[in-house]
Number of protein chains: 2
Amino acid sequence: MDTHRRHGRDEVVAKAAHLLDEYGLADLTMRRLARELGVTPGALYWHFADKQELLGAVADRILEPTCREPADAPWAARIVAIGSGLREALLSSTDGAELVSATFASGTSQALRGILERLVAAADDAGFVPTNAELAARTIVYYVLGFTADEQSRLQWDAAGALPHEQSVLTSNPNARFTFGLRLLTDGMAARQASDADDGVDPGVAVPAP
Amino acid sequence: MDTHRRHGRDEVVAKAAHLLDEYGLADLTMRRLARELGVTPGALYWHFADKQELLGAVADRILEPTCREPADAPWAARIVAIGSGLREALLSSTDGAELVSATFASGTSQALRGILERLVAAADDAGFVPTNAELAARTIVYYVLGFTADEQSRLQWDAAGALPHEQSVLTSNPNARFTFGLRLLTDGMAARQASDADDGVDPGVAVPAP
DNA sequence: ACCTGAACACCGTTCAAGT
DNA sequence: ACCTGAACACCGTTCAAGT
């Protein structure tokens, strides 16, 4: 509903983020965004190659608050902190988890790559060999995205008035539930370190003979 | 490309599954499905309330092979078996993981609920209190869906000719990579059982005074 | 029991041309 | 540097009416 014409890229992303938060991912369309900016749909393609790129930029904006966190503290605490920070960022916007999951698949969010790197660093400090550190870090991300997307869809479903007055065990106490799963993963990492973790996964191809 | 007219629901789902496998989720549209059946788009709404319901039915068809597995064996082995079976089913169809993830969110797949139940039973056998068994089971599902969606998108990206000849560490050895993450979770469950698992998560609401 | 016809209200993307 | 106009090729869904 703006009526002036020219916009910078950041302005466009900000409006998109606002639309997402107000109306949800399904209503974040190129045409609607254009209309809300007082502009023709084609104009958006001067700023972004396609919708994926726009969504990636919105994801980065949502994840921005997670971008500075302390790098001291033991590795397990760091993983819990990064995971919790990610979840909070996702919950801060309508359909945030769904949006970021989509951009994770398409690799268009730079911020999410940053988060992965910090998780890899933590797994590294846990003593994992690089291959396994990467695997452990991705496992954390799969969990956080899955849990939070689930949580958020229930929240919205629920705010829309469903669920009988007995609140399901699945919507109460989300923080504790979230932490439980995260701890499952960090405990698993610790257990693995206590035994055979430094082996890495089997290299599926033969190594050259010496 | 069928030219005859009337179809039963199963026939429609079968054609949808075939379309999915052949052209991917993005090309599985109601209109295209109708065209391929030699029918008008509106006809599909006699069989399904909406597209979600159709997708749920397709998901169930994909997950059908995972529906009978042995219920003996220790809990950790059962979890690994269920998780691996789920992954295999997802990989058996183009965009299978993406489809099932979407229907998981919308709760329209009955088969996925069945898989969850069997994971809950395994977690139960591991000695978890019901609340935590449910949490652990869902964590497994988040992981399997996340990992496999990621794996599958790389596979397709890659079959389409990208990735320089140095095959990324992320596409080689997927079985071992998958099992690594799964073991991280079962190890975590075992570690938790060895300590404080029977407490359940903190009940976020006050219990009535006795 | 299953389908048609026709409409309604939309999509993402491209691109010559304008300022 | 940023936008318009206009088109192209689509979507999901509804519903009276037909067989």
# chains A, B, ... in the order shown; residues from 1 in each chain; ligands from 1
$ select_by_dssp --residues "chain B" --states "alpha helix (DSSP H)" --output "VMD selection string"
chain B and resid 9 to 23 30 to 37 44 to 47 51 to 63 75 to 91 96 to 106 110 to 125 130 to 159 174 to 194
$ interface_residues --of "chain B" --to "chain D" --cutoff "10 Å" --atoms "only C-alpha atoms (C1' of nucleotides)" --output "list of chain:residue names"
B:Thr29, B:Met30, B:Arg31, B:Pro41, B:Gly42, B:Tyr45, B:Ala49, B:Asp50, B:Lys51
$ atom_distance --atom1 "atom CA of Leu44 of chain A" --atom2 "atom CA of Thr66 of chain A"
27.6 Å
$ interface_residues --of "chain B" --to "chain A" --cutoff "8 Å" --atoms "only C-alpha atoms" --output "PyMOL selection string"
chain B and resi 105+131+135-136+139+142-143+146-147+149-150+153+169+172-173+176-177+180-181+183-189+191-192+201-204
$ atom_distance --atom1 "atom CA of Leu20 of chain A" --atom2 "atom CA of Leu33 of chain A"
9.8 Å
$ atom_distance --atom1 "atom CA of Ile79 of chain B" --atom2 "atom CA of Ala126 of chain B"
10.4 Å
$ decode --residues "segment 74-153 of chain A" --atoms "C-alpha atoms" --output "CSV table (one decimal), in the first residue's frame"
chain,number,residue,atom,x,y,z
A,74,PRO,CA,32.0,-26.0,26.4
A,75,TRP,CA,30.9,-27.5,23.1
A,76,ALA,CA,27.6,-29.0,24.4
A,77,ALA,CA,26.5,-25.7,25.9
A,78,ARG,CA,27.4,-24.0,22.7
A,79,ILE,CA,25.3,-26.4,20.6
A,80,VAL,CA,22.4,-25.9,22.9
A,81,ALA,CA,22.8,-22.1,22.7
A,82,ILE,CA,23.0,-22.1,18.9
A,83,GLY,CA,20.1,-24.5,18.6
A,84,SER,CA,17.9,-22.5,21.0
A,85,GLY,CA,18.9,-19.3,19.3
A,86,LEU,CA,17.9,-20.7,15.9
A,87,ARG,CA,14.6,-21.9,17.3
A,88,GLU,CA,13.8,-18.5,18.8
A,89,ALA,CA,14.6,-16.7,15.5
A,90,LEU,CA,12.3,-19.1,13.6
A,91,LEU,CA,9.5,-18.6,16.1
A,92,SER,CA,9.8,-14.8,15.9
A,93,SER,CA,8.0,-14.7,12.5
A,94,THR,CA,4.9,-16.4,11.2
A,95,ASP,CA,5.9,-19.5,9.3
A,96,GLY,CA,9.6,-18.8,10.0
A,97,ALA,CA,10.5,-22.4,10.4
A,98,GLU,CA,8.8,-23.4,7.2
A,99,LEU,CA,10.5,-20.6,5.3
A,100,VAL,CA,13.9,-21.4,6.6
A,101,SER,CA,13.5,-25.1,5.9
A,102,ALA,CA,12.6,-24.3,2.4
A,103,THR,CA,15.7,-22.1,1.9
A,104,PHE,CA,17.9,-24.7,3.6
A,105,ALA,CA,16.9,-27.2,0.9
A,106,SER,CA,17.7,-24.6,-1.8
A,107,GLY,CA,20.8,-23.3,-0.1
A,108,THR,CA,19.9,-19.7,-0.7
A,109,SER,CA,20.3,-18.6,2.9
A,110,GLN,CA,23.8,-17.5,3.8
A,111,ALA,CA,22.9,-17.1,7.5
A,112,LEU,CA,21.9,-20.7,7.8
A,113,ARG,CA,25.3,-21.7,6.4
A,114,GLY,CA,26.9,-19.6,9.1
A,115,ILE,CA,24.9,-21.4,11.8
A,116,LEU,CA,26.0,-24.7,10.3
A,117,GLU,CA,29.6,-23.6,10.4
A,118,ARG,CA,29.4,-22.7,14.1
A,119,LEU,CA,27.8,-26.1,14.9
A,120,VAL,CA,30.6,-27.8,13.0
A,121,ALA,CA,33.1,-25.9,15.0
A,122,ALA,CA,31.4,-27.0,18.2
A,123,ALA,CA,31.4,-30.6,17.1
A,124,ASP,CA,35.0,-30.2,16.2
A,125,ASP,CA,35.8,-29.1,19.7
A,126,ALA,CA,33.9,-32.2,20.9
A,127,GLY,CA,36.7,-34.1,19.2
A,128,PHE,CA,35.0,-35.4,16.1
A,129,VAL,CA,36.9,-35.9,12.9
A,130,PRO,CA,35.8,-33.3,10.3
A,131,THR,CA,33.5,-35.7,8.4
A,132,ASN,CA,31.6,-36.6,11.5
A,133,ALA,CA,31.6,-33.1,12.8
A,134,GLU,CA,29.8,-32.0,9.7
A,135,LEU,CA,27.3,-34.9,10.1
A,136,ALA,CA,26.6,-34.1,13.7
A,137,ALA,CA,26.1,-30.4,12.9
A,138,ARG,CA,23.6,-31.2,10.1
A,139,THR,CA,21.8,-33.6,12.4
A,140,ILE,CA,21.3,-30.8,14.9
A,141,VAL,CA,19.9,-28.5,12.1
A,142,TYR,CA,17.5,-31.2,10.9
A,143,TYR,CA,16.2,-31.6,14.4
A,144,VAL,CA,15.8,-27.9,15.1
A,145,LEU,CA,14.1,-27.2,11.8
A,146,GLY,CA,11.8,-30.2,12.2
A,147,PHE,CA,10.9,-29.6,15.8
A,148,THR,CA,10.2,-25.9,15.3
A,149,ALA,CA,8.2,-26.3,12.1
A,150,ASP,CA,6.1,-28.8,13.9
A,151,GLU,CA,5.8,-26.6,17.0
A,152,GLN,CA,4.9,-23.5,14.9
A,153,SER,CA,2.3,-25.2,12.8
